[in-house]
Amino acid sequence: MTQAEVEAAYQEIINRPLPSLGDYVNAPLVYVISGIGFLIIMCGVLIPLGIRRCRKPSNDSQSQAKVESRADGVQIFCGYLSFVFLLVMIFSTFLSVLSYASDTSNYGNQIQADIEQWKVDVVQPYLASLPKKEQTVRELEFYYEPEFQSKQSSSLLASSQDVTFIPNQRMLFSYTAEGQTYQHVLPQRVQKDLPKGAKPRVQFVQLTKPLGVMSEEQADRLRTYLPNLYPIHPEYAVGDYEFVVHVPADYAINGTLRW
């Protein structure tokens, strides 16, 4: 995969059009349901009218009552069917509009989730495919950064909060490249694969062009749904990534070392 393809995948995410109501409301289906409902209403008017007109002249009040009853039954049946079709049309339209409103309100969250997925599925494999560079580590320090997780529990009589301490081990290291010293603090990524007595080395890849670039025009369109989109920065700026520190096999991962 090339850098252009990685960037194109990002642009496809942020340029995704807003949901359109026409994509949710099935117009042909609404037309069909409306047409069937109209036909039923017409049948409820015309069929009883035909029944009454086609009856034979008679002085028998019982026969006339039967004809009227049959015509009224057809009208009632067609009225019920018309009502059912009307309810179906209203209910289906309501569900479509509700789905459209939900997707519109979640538009920003979906964009953000897709960007995070893009980092995992597209960017990480691309960075892993870049040529590796190595430099001797000038300073190396390992330490624990405290992280706390709280869990709330409650009952009818009381409530409590449990706090758990999670030791998050991180590493601080520096190296010199092209006459400039760089320092990074990252989660620990160490491999004990150097011979005894060797100086630790850091391996990384270098990104020469930014990834995940958003223009001001694109940001203006998304700020309605992503209000924290200030200021605009590339998702991956030019620099070094995918750091792995290599140390001797007998190296004790603690304390601070400088060379």
# chains A, B, ... in the order shown; residues from 1 in each chain; ligands from 1

$ residues_around --residues "Lys199 of chain A" --least-positions-apart "5" --cutoff "8 Å" --atoms "only C-alpha atoms" --output "number ranges by chain"
A: 136-137, 247-248

$ atom_distance --atom1 "atom CA of Asp103 of chain A" --atom2 "atom CA of Arg16 of chain A"
12.8 Å

$ atom_distance --atom1 "atom CA of Ala177 of chain A" --atom2 "atom CA of Leu127 of chain A"
19.4 Å

$ closest_residue --among "A:Ser20, A:Pro187, A:Tyr175, A:Asp220" --to "Ser102 of chain A" --atoms "only C-alpha atoms"
A:Ser20

$ closest_residue --among "A:Met1, A:Ile13, A:Val244, A:Met89" --to "Trp118 of chain A" --atoms "only C-alpha atoms"
A:Ile13

$ atom_distance --atom1 "atom CA of Ser174 of chain A" --atom2 "atom CA of Pro200 of chain A"
10.9 Å

$ residues_around --residues "Phe243 of chain A" --least-positions-apart "2" --cutoff "8 Å" --atoms "only C-alpha atoms" --output "MDAnalysis selection string"
chainID A and resid 189 202:205 240:241 245

$ write_last_selection --atoms "all heavy atoms" --output "PDB file, in the first residue's frame"
ATOM      1  N   ARG A 189       8.124  -0.648  24.840  1.00  0.00           N
ATOM      2  CA  ARG A 189       8.287  -1.627  23.765  1.00  0.00           C
ATOM      3  C   ARG A 189       9.764  -1.968  23.692  1.00  0.00           C
ATOM      4  O   ARG A 189      10.568  -1.227  23.123  1.00  0.00           O
ATOM      5  CB  ARG A 189       7.797  -1.070  22.424  1.00  0.00           C
ATOM      6  CG  ARG A 189       6.297  -0.844  22.342  1.00  0.00           C
ATOM      7  CD  ARG A 189       5.875  -0.399  20.959  1.00  0.00           C
ATOM      8  NE  ARG A 189       6.105  -1.450  19.978  1.00  0.00           N
ATOM      9  CZ  ARG A 189       5.950  -1.287  18.657  1.00  0.00           C
ATOM     10  NH1 ARG A 189       5.571  -0.104  18.189  1.00  0.00           N
ATOM     11  NH2 ARG A 189       6.168  -2.280  17.824  1.00  0.00           N
ATOM     12  N   VAL A 202      17.618   2.062  19.319  1.00  0.00           N
ATOM     13  CA  VAL A 202      16.208   2.266  19.065  1.00  0.00           C
ATOM     14  C   VAL A 202      15.963   2.096  17.571  1.00  0.00           C
ATOM     15  O   VAL A 202      16.720   2.587  16.738  1.00  0.00           O
ATOM     16  CB  VAL A 202      15.728   3.660  19.543  1.00  0.00           C
ATOM     17  CG1 VAL A 202      16.484   4.779  18.857  1.00  0.00           C
ATOM     18  CG2 VAL A 202      14.221   3.827  19.316  1.00  0.00           C
ATOM     19  N   GLN A 203      14.909   1.382  17.252  1.00  0.00           N
ATOM     20  CA  GLN A 203      14.515   1.142  15.857  1.00  0.00           C
ATOM     21  C   GLN A 203      13.188   1.841  15.605  1.00  0.00           C
ATOM     22  O   GLN A 203      12.286   1.802  16.453  1.00  0.00           O
ATOM     23  CB  GLN A 203      14.388  -0.355  15.612  1.00  0.00           C
ATOM     24  CG  GLN A 203      14.233  -0.745  14.157  1.00  0.00           C
ATOM     25  CD  GLN A 203      14.150  -2.257  13.990  1.00  0.00           C
ATOM     26  OE1 GLN A 203      13.183  -2.872  14.418  1.00  0.00           O
ATOM     27  NE2 GLN A 203      15.162  -2.836  13.400  1.00  0.00           N
ATOM     28  N   PHE A 204      13.056   2.471  14.449  1.00  0.00           N
ATOM     29  CA  PHE A 204      11.850   3.237  14.161  1.00  0.00           C
ATOM     30  C   PHE A 204      11.699   3.386  12.654  1.00  0.00           C
ATOM     31  O   PHE A 204      12.594   3.030  11.870  1.00  0.00           O
ATOM     32  CB  PHE A 204      11.913   4.626  14.828  1.00  0.00           C
ATOM     33  CG  PHE A 204      13.117   5.428  14.457  1.00  0.00           C
ATOM     34  CD1 PHE A 204      13.107   6.290  13.373  1.00  0.00           C
ATOM     35  CD2 PHE A 204      14.304   5.321  15.195  1.00  0.00           C
ATOM     36  CE1 PHE A 204      14.219   7.033  13.020  1.00  0.00           C
ATOM     37  CE2 PHE A 204      15.427   6.064  14.846  1.00  0.00           C
ATOM     38  CZ  PHE A 204      15.391   6.906  13.756  1.00  0.00           C
ATOM     39  N   VAL A 205      10.554   3.921  12.242  1.00  0.00           N
ATOM     40  CA  VAL A 205      10.315   4.261  10.841  1.00  0.00           C
ATOM     41  C   VAL A 205      10.099   5.772  10.764  1.00  0.00           C
ATOM     42  O   VAL A 205       9.673   6.401  11.731  1.00  0.00           O
ATOM     43  CB  VAL A 205       9.109   3.507  10.255  1.00  0.00           C
ATOM     44  CG1 VAL A 205       9.337   2.011  10.281  1.00  0.00           C
ATOM     45  CG2 VAL A 205       7.828   3.874  10.995  1.00  0.00           C
ATOM     46  N   ASP A 240       9.068  10.497  13.368  1.00  0.00           N
ATOM     47  CA  ASP A 240       9.443   9.098  13.587  1.00  0.00           C
ATOM     48  C   ASP A 240       8.327   8.380  14.353  1.00  0.00           C
ATOM     49  O   ASP A 240       7.728   8.950  15.268  1.00  0.00           O
ATOM     50  CB  ASP A 240      10.753   9.018  14.366  1.00  0.00           C
ATOM     51  CG  ASP A 240      11.895   9.723  13.640  1.00  0.00           C
ATOM     52  OD1 ASP A 240      11.816   9.825  12.407  1.00  0.00           O
ATOM     53  OD2 ASP A 240      12.847  10.170  14.313  1.00  0.00           O
ATOM     54  N   TYR A 241       8.113   7.111  13.984  1.00  0.00           N
ATOM     55  CA  TYR A 241       7.032   6.319  14.582  1.00  0.00           C
ATOM     56  C   TYR A 241       7.482   4.872  14.762  1.00  0.00           C
ATOM     57  O   TYR A 241       8.552   4.478  14.301  1.00  0.00           O
ATOM     58  CB  TYR A 241       5.783   6.357  13.690  1.00  0.00           C
ATOM     59  CG  TYR A 241       5.154   7.725  13.577  1.00  0.00           C
ATOM     60  CD1 TYR A 241       5.551   8.618  12.580  1.00  0.00           C
ATOM     61  CD2 TYR A 241       4.168   8.130  14.466  1.00  0.00           C
ATOM     62  CE1 TYR A 241       4.970   9.876  12.484  1.00  0.00           C
ATOM     63  CE2 TYR A 241       3.576   9.384  14.377  1.00  0.00           C
ATOM     64  CZ  TYR A 241       3.988  10.253  13.378  1.00  0.00           C
ATOM     65  OH  TYR A 241       3.427  11.496  13.288  1.00  0.00           O
ATOM     66  N   VAL A 245      12.794  -0.337  21.346  1.00  0.00           N
ATOM     67  CA  VAL A 245      14.125  -0.244  21.941  1.00  0.00           C
ATOM     68  C   VAL A 245      14.699  -1.643  22.091  1.00  0.00           C
ATOM     69  O   VAL A 245      14.043  -2.535  22.640  1.00  0.00           O
ATOM     70  CB  VAL A 245      14.067   0.480  23.299  1.00  0.00           C
ATOM     71  CG1 VAL A 245      15.425   0.431  23.995  1.00  0.00           C
ATOM     72  CG2 VAL A 245      13.626   1.930  23.110  1.00  0.00           C
TER      73      VAL A 245
END

$ closest_residue --among "A:Thr104, A:Asn15, A:Gln188, A:Ser96" --to "Arg221 of chain A" --atoms "only C-alpha atoms"
A:Asn15

$ residues_around --residues "segment 210-214 of chain A" --least-positions-apart "4" --cutoff "8 Å" --atoms "only C-alpha atoms" --output "PyMOL selection string"
chain A and resi 3+6-7+10-11+218-219+232-238

$ write_last_selection --atoms "N, CA and C atoms" --output "compact mmCIF listing (two decimals), in the first residue's frame"
# COMPACT_ATOMS: atom_id res chain seq x y z
N GLN A 3 1.53 5.57 0.21
CA GLN A 3 1.06 6.66 1.06
C GLN A 3 -0.16 7.33 0.45
N VAL A 6 -3.16 5.33 1.39
CA VAL A 6 -3.50 5.55 2.80
C VAL A 6 -4.25 6.87 2.97
N GLU A 7 -3.75 7.92 2.32
CA GLU A 7 -4.39 9.23 2.42
C GLU A 7 -5.76 9.22 1.75
N TYR A 10 -8.37 7.93 4.04
CA TYR A 10 -8.74 8.93 5.04
C TYR A 10 -9.69 9.96 4.43
N GLN A 11 -9.37 10.43 3.23
CA GLN A 11 -10.22 11.42 2.58
C GLN A 11 -11.61 10.87 2.30
N GLN A 218 -12.97 21.29 4.79
CA GLN A 218 -13.48 20.02 5.32
C GLN A 218 -13.77 20.15 6.81
N ALA A 219 -12.90 20.84 7.52
CA ALA A 219 -13.10 21.00 8.97
C ALA A 219 -14.35 21.82 9.26
N ILE A 232 -6.69 22.42 13.60
CA ILE A 232 -6.57 21.34 12.62
C ILE A 232 -5.11 20.89 12.56
N HIS A 233 -4.89 19.61 12.79
CA HIS A 233 -3.56 19.02 12.67
C HIS A 233 -3.69 17.72 11.91
N PRO A 234 -2.64 17.32 11.19
CA PRO A 234 -2.69 15.99 10.56
C PRO A 234 -2.79 14.90 11.63
N GLU A 235 -3.42 13.82 11.27
CA GLU A 235 -3.49 12.69 12.20
C GLU A 235 -2.08 12.16 12.50
N TYR A 236 -1.21 12.17 11.50
CA TYR A 236 0.19 11.75 11.65
C TYR A 236 1.07 12.81 11.01
N ALA A 237 1.78 13.59 11.83
CA ALA A 237 2.68 14.61 11.31
C ALA A 237 3.98 13.96 10.84
N VAL A 238 4.77 14.72 10.12
CA VAL A 238 6.09 14.24 9.68
C VAL A 238 6.93 13.95 10.93

$ closest_residue --among "A:Ile90, A:Ala101, A:Val120, A:Leu95" --to "Pro19 of chain A" --atoms "only C-alpha atoms"
A:Ala101

$ closest_residue --among "A:Leu87, A:Asp250, A:Pro227, A:Ile115" --to "Asp193 of chain A" --atoms "only C-alpha atoms"
A:Asp250

$ select_by_dssp --residues "segment 168-252 of chain A" --states "alpha helix (DSSP H)" --output "list in words"
Glu216, Glu217, Gln218, Ala219, Asp220, Arg221 and Leu222 of chain A
